[in-house]
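Comments concern the structure below.
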Amino acid sequence: GAVVSQHPSRVICKSGTSVKIECRSLDFQATTMFWYRQFPKQSLMLMATSNEGSKATYEQGVEKDKFLINHASLTLSTLTVTSAHPEDSSFYICSARDLGGAGELFFGEGSRLTVL
Amino acid sequence: GIQVEQSPPDLILQEGANSTLRCNFSDSVNNLQWFHQNPWGQLINLFYIPSGTKQNGRLSATTVATERYSLLYISSSQTTDSGVYFCAGGGTSGSRLTFGEGTQLTVNP
């Protein structure tokens, strides 16, 4: 199957700092990538849809100024958590769908953010 | 948007037992997947199954699109099958997936 890679897998930062998470499709191209967030013992909730070359689409209740998304190429999307606070601590997972594929969505390994 | 209901929320089995996990959708889906989330959080793709039946080793899945549900069968369960199983559906093949709440499976030796 297609491979999606996230980096970093774990990050600890101080409150008020910004953190960038990268999501790469390693062996396919993706015009659209999806960013999910998962709190402990809960399901995955879609935060935003990242569109290559255009603005991201955010889900209701997600602050676009806090969670900056950039999809600069067909293989890379980034999520920047700006001015992070402890309540932003979570597991962030990206996903992508192969343009030439049947429709299956592939997920990265996830990035665990801890804000002190 | 689409609502996804998974059952049961928790399941405890003895090694070697069989089990069935169910996923109901509030609306028609054209994109349906089953995942296993490992202890490190990574989602492992099990099946992409908008309709029909597929099998992969001890796992199989069936989706009845007209009745808006999907089933995941685990046969001869092993302790390594433990974890959370999610189903997720989307309205079209290019759309995002909405996840169910998951089934926490524990397989005891």
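Here's how to read the names in the structure tokens: chain A, B, ... by the order shown, residue numbers from 1 in each chain, ligand numbers from 1 in the order shown.
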Residues of chain B no more than 9 Å from chain A, counting only C-alpha atoms: send them over as a CSV table (one decimal) with C-alpha atoms, in the first residue's frame.
chain,number,residue,atom,x,y,z
B,31,ASN,CA,-16.0,5.0,0.7
B,32,LEU,CA,-15.6,2.6,3.7
B,33,GLN,CA,-12.5,1.4,5.5
B,40,TRP,CA,1.6,3.3,19.4
B,41,GLY,CA,-1.3,5.0,17.7
B,42,GLN,CA,-0.7,4.1,14.1
B,43,LEU,CA,-3.7,3.2,12.0
B,44,ILE,CA,-3.2,0.0,10.1
B,45,ASN,CA,-5.4,-0.3,7.0
B,47,PHE,CA,-9.9,-3.2,4.4
B,48,TYR,CA,-11.1,-0.8,1.8
B,49,ILE,CA,-14.6,-2.1,1.3
B,86,PHE,CA,-12.3,1.7,13.8
B,92,THR,CA,-17.7,9.9,-2.2
B,93,SER,CA,-14.4,8.3,-3.1
B,94,GLY,CA,-12.6,11.7,-2.9
B,95,SER,CA,-14.1,12.9,0.4
B,96,ARG,CA,-12.9,12.7,3.9
B,97,LEU,CA,-13.7,9.8,6.2
B,98,THR,CA,-15.9,10.1,9.3
B,99,PHE,CA,-14.8,7.7,12.0
B,100,GLY,CA,-16.9,5.7,14.4
B,101,GLU,CA,-16.1,5.6,18.1
B,102,GLY,CA,-14.2,2.3,17.8
I'd like the contact shell of A:Ser25 - 8 Å cut-off, only C-alpha atoms, skipping same-chain residues fewer than 2 positions apart - returned as a PDB file with all heavy atoms, in the first residue's frame.
ATOM      1  N   ALA A   2       0.191   2.376  -0.218  1.00  0.00           N
ATOM      2  CA  ALA A   2       0.885   3.656  -0.241  1.00  0.00           C
ATOM      3  C   ALA A   2       1.382   4.033   1.153  1.00  0.00           C
ATOM      4  O   ALA A   2       0.798   3.638   2.155  1.00  0.00           O
ATOM      5  CB  ALA A   2      -0.064   4.730  -0.760  1.00  0.00           C
ATOM      6  N   VAL A   3       2.459   4.822   1.196  1.00  0.00           N
ATOM      7  CA  VAL A   3       3.089   5.170   2.472  1.00  0.00           C
ATOM      8  C   VAL A   3       2.968   6.662   2.737  1.00  0.00           C
ATOM      9  O   VAL A   3       3.318   7.494   1.888  1.00  0.00           O
ATOM     10  CB  VAL A   3       4.572   4.764   2.488  1.00  0.00           C
ATOM     11  CG1 VAL A   3       5.210   5.152   3.815  1.00  0.00           C
ATOM     12  CG2 VAL A   3       4.731   3.269   2.252  1.00  0.00           C
ATOM     13  N   VAL A   4       2.488   6.967   3.937  1.00  0.00           N
ATOM     14  CA  VAL A   4       2.421   8.349   4.396  1.00  0.00           C
ATOM     15  C   VAL A   4       3.298   8.461   5.629  1.00  0.00           C
ATOM     16  O   VAL A   4       3.188   7.644   6.547  1.00  0.00           O
ATOM     17  CB  VAL A   4       0.974   8.757   4.735  1.00  0.00           C
ATOM     18  CG1 VAL A   4       0.930  10.166   5.299  1.00  0.00           C
ATOM     19  CG2 VAL A   4       0.098   8.643   3.495  1.00  0.00           C
ATOM     20  N   SER A   5       4.166   9.447   5.647  1.00  0.00           N
ATOM     21  CA  SER A   5       5.107   9.604   6.750  1.00  0.00           C
ATOM     22  C   SER A   5       4.904  10.931   7.455  1.00  0.00           C
ATOM     23  O   SER A   5       4.721  11.965   6.795  1.00  0.00           O
ATOM     24  CB  SER A   5       6.541   9.525   6.207  1.00  0.00           C
ATOM     25  OG  SER A   5       7.476   9.708   7.253  1.00  0.00           O
ATOM     26  N   CYS A  23       3.731  16.183   6.966  1.00  0.00           N
ATOM     27  CA  CYS A  23       3.079  14.976   6.463  1.00  0.00           C
ATOM     28  C   CYS A  23       3.483  14.808   5.010  1.00  0.00           C
ATOM     29  O   CYS A  23       3.240  15.701   4.190  1.00  0.00           O
ATOM     30  CB  CYS A  23       1.567  15.121   6.583  1.00  0.00           C
ATOM     31  SG  CYS A  23       0.629  13.726   5.930  1.00  0.00           S
ATOM     32  N   ASP A  27       5.334   7.721  -1.797  1.00  0.00           N
ATOM     33  CA  ASP A  27       5.394   7.029  -3.084  1.00  0.00           C
ATOM     34  C   ASP A  27       4.168   7.311  -3.954  1.00  0.00           C
ATOM     35  O   ASP A  27       3.875   6.561  -4.874  1.00  0.00           O
ATOM     36  CB  ASP A  27       5.559   5.521  -2.879  1.00  0.00           C
ATOM     37  CG  ASP A  27       4.527   4.951  -1.922  1.00  0.00           C
ATOM     38  OD1 ASP A  27       3.677   5.722  -1.438  1.00  0.00           O
ATOM     39  OD2 ASP A  27       4.570   3.742  -1.654  1.00  0.00           O
ATOM     40  N   PHE A  28       3.480   8.401  -3.668  1.00  0.00           N
ATOM     41  CA  PHE A  28       2.353   8.789  -4.505  1.00  0.00           C
ATOM     42  C   PHE A  28       2.108  10.276  -4.337  1.00  0.00           C
ATOM     43  O   PHE A  28       2.662  10.922  -3.444  1.00  0.00           O
ATOM     44  CB  PHE A  28       1.100   7.987  -4.158  1.00  0.00           C
ATOM     45  CG  PHE A  28       0.540   8.270  -2.773  1.00  0.00           C
ATOM     46  CD1 PHE A  28      -0.505   9.168  -2.598  1.00  0.00           C
ATOM     47  CD2 PHE A  28       1.055   7.630  -1.661  1.00  0.00           C
ATOM     48  CE1 PHE A  28      -1.014   9.416  -1.330  1.00  0.00           C
ATOM     49  CE2 PHE A  28       0.552   7.869  -0.398  1.00  0.00           C
ATOM     50  CZ  PHE A  28      -0.483   8.777  -0.233  1.00  0.00           C
ATOM     51  N   GLN A  29       1.283  10.807  -5.206  1.00  0.00           N
ATOM     52  CA  GLN A  29       0.943  12.223  -5.145  1.00  0.00           C
ATOM     53  C   GLN A  29      -0.474  12.403  -4.618  1.00  0.00           C
ATOM     54  O   GLN A  29      -1.362  11.582  -4.899  1.00  0.00           O
ATOM     55  CB  GLN A  29       1.071  12.862  -6.534  1.00  0.00           C
ATOM     56  CG  GLN A  29       2.498  12.904  -7.050  1.00  0.00           C
ATOM     57  CD  GLN A  29       2.610  13.600  -8.391  1.00  0.00           C
ATOM     58  OE1 GLN A  29       1.704  13.541  -9.205  1.00  0.00           O
ATOM     59  NE2 GLN A  29       3.727  14.272  -8.623  1.00  0.00           N
ATOM     60  N   ALA A  30      -0.664  13.468  -3.883  1.00  0.00           N
ATOM     61  CA  ALA A  30      -1.972  13.698  -3.268  1.00  0.00           C
ATOM     62  C   ALA A  30      -2.327  15.175  -3.355  1.00  0.00           C
ATOM     63  O   ALA A  30      -1.621  16.013  -2.795  1.00  0.00           O
ATOM     64  CB  ALA A  30      -1.965  13.252  -1.816  1.00  0.00           C
ATOM     65  N   THR A  75       3.192  16.288  -2.466  1.00  0.00           N
ATOM     66  CA  THR A  75       3.645  15.253  -1.543  1.00  0.00           C
ATOM     67  C   THR A  75       3.869  15.760  -0.130  1.00  0.00           C
ATOM     68  O   THR A  75       4.313  15.002   0.735  1.00  0.00           O
ATOM     69  CB  THR A  75       4.968  14.626  -2.040  1.00  0.00           C
ATOM     70  OG1 THR A  75       5.957  15.662  -2.143  1.00  0.00           O
ATOM     71  CG2 THR A  75       4.798  13.942  -3.387  1.00  0.00           C
ATOM     72  N   LEU A  76       3.565  17.025   0.142  1.00  0.00           N
ATOM     73  CA  LEU A  76       3.856  17.572   1.472  1.00  0.00           C
ATOM     74  C   LEU A  76       2.767  18.513   1.953  1.00  0.00           C
ATOM     75  O   LEU A  76       2.388  19.462   1.261  1.00  0.00           O
ATOM     76  CB  LEU A  76       5.191  18.319   1.455  1.00  0.00           C
ATOM     77  CG  LEU A  76       5.566  19.075   2.745  1.00  0.00           C
ATOM     78  CD1 LEU A  76       5.744  18.111   3.904  1.00  0.00           C
ATOM     79  CD2 LEU A  76       6.834  19.897   2.534  1.00  0.00           C
ATOM     80  N   ALA A  96      -3.750  10.732   3.474  1.00  0.00           N
ATOM     81  CA  ALA A  96      -3.746  11.136   2.076  1.00  0.00           C
ATOM     82  C   ALA A  96      -4.276  10.003   1.228  1.00  0.00           C
ATOM     83  O   ALA A  96      -4.243   8.832   1.606  1.00  0.00           O
ATOM     84  CB  ALA A  96      -2.331  11.513   1.630  1.00  0.00           C
TER      85      ALA A  96
END
Q) Running DSSP on the backbone, which parts of stretch 61-104 of chain A land in strand (DSSP E or B), as a ChimeraX atom specification? A) /A:67-73,76-81,90-97
Q: Pick out the closest residue to A:Cys94 from this set: A:Leu26, A:Ile21, A:Cys13, A:Leu68. Count only C-alpha atoms.
A: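 Among the listed residues, A:Ile21 lies closest to A:Cys94.
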Q | Option closest in space to A:Leu79, from A:Lys55, A:Val62, A:Ile12, A:Ser50 [counting only C-alpha atoms] | A |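 Comparing A:Lys55, A:Val62, A:Ile12, A:Ser50 against A:Leu79, the winner is A:Ser50.
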Q | Residue neighbourhood A:Glu63, 12 Å, only C-alpha atoms, exclusion window fewer than 6 positions, as a count of residues only | A | 9
Q: Output as number ranges by chain all residues of chain B that backbone DSSP marks as helix (DSSP H, G or I).
A: B: 65-67, 79-81
(Q) Show me, as a VMD selection string, the residues that have an atom within 12 Å of stretch 22-24 of chain B when counting only C-alpha atoms, minus same-chain residues fewer than 4 positions from it. (A) chain B and resid 2 to 11 28 to 29 32 to 34 61 to 74 85 to 89 98 to 103
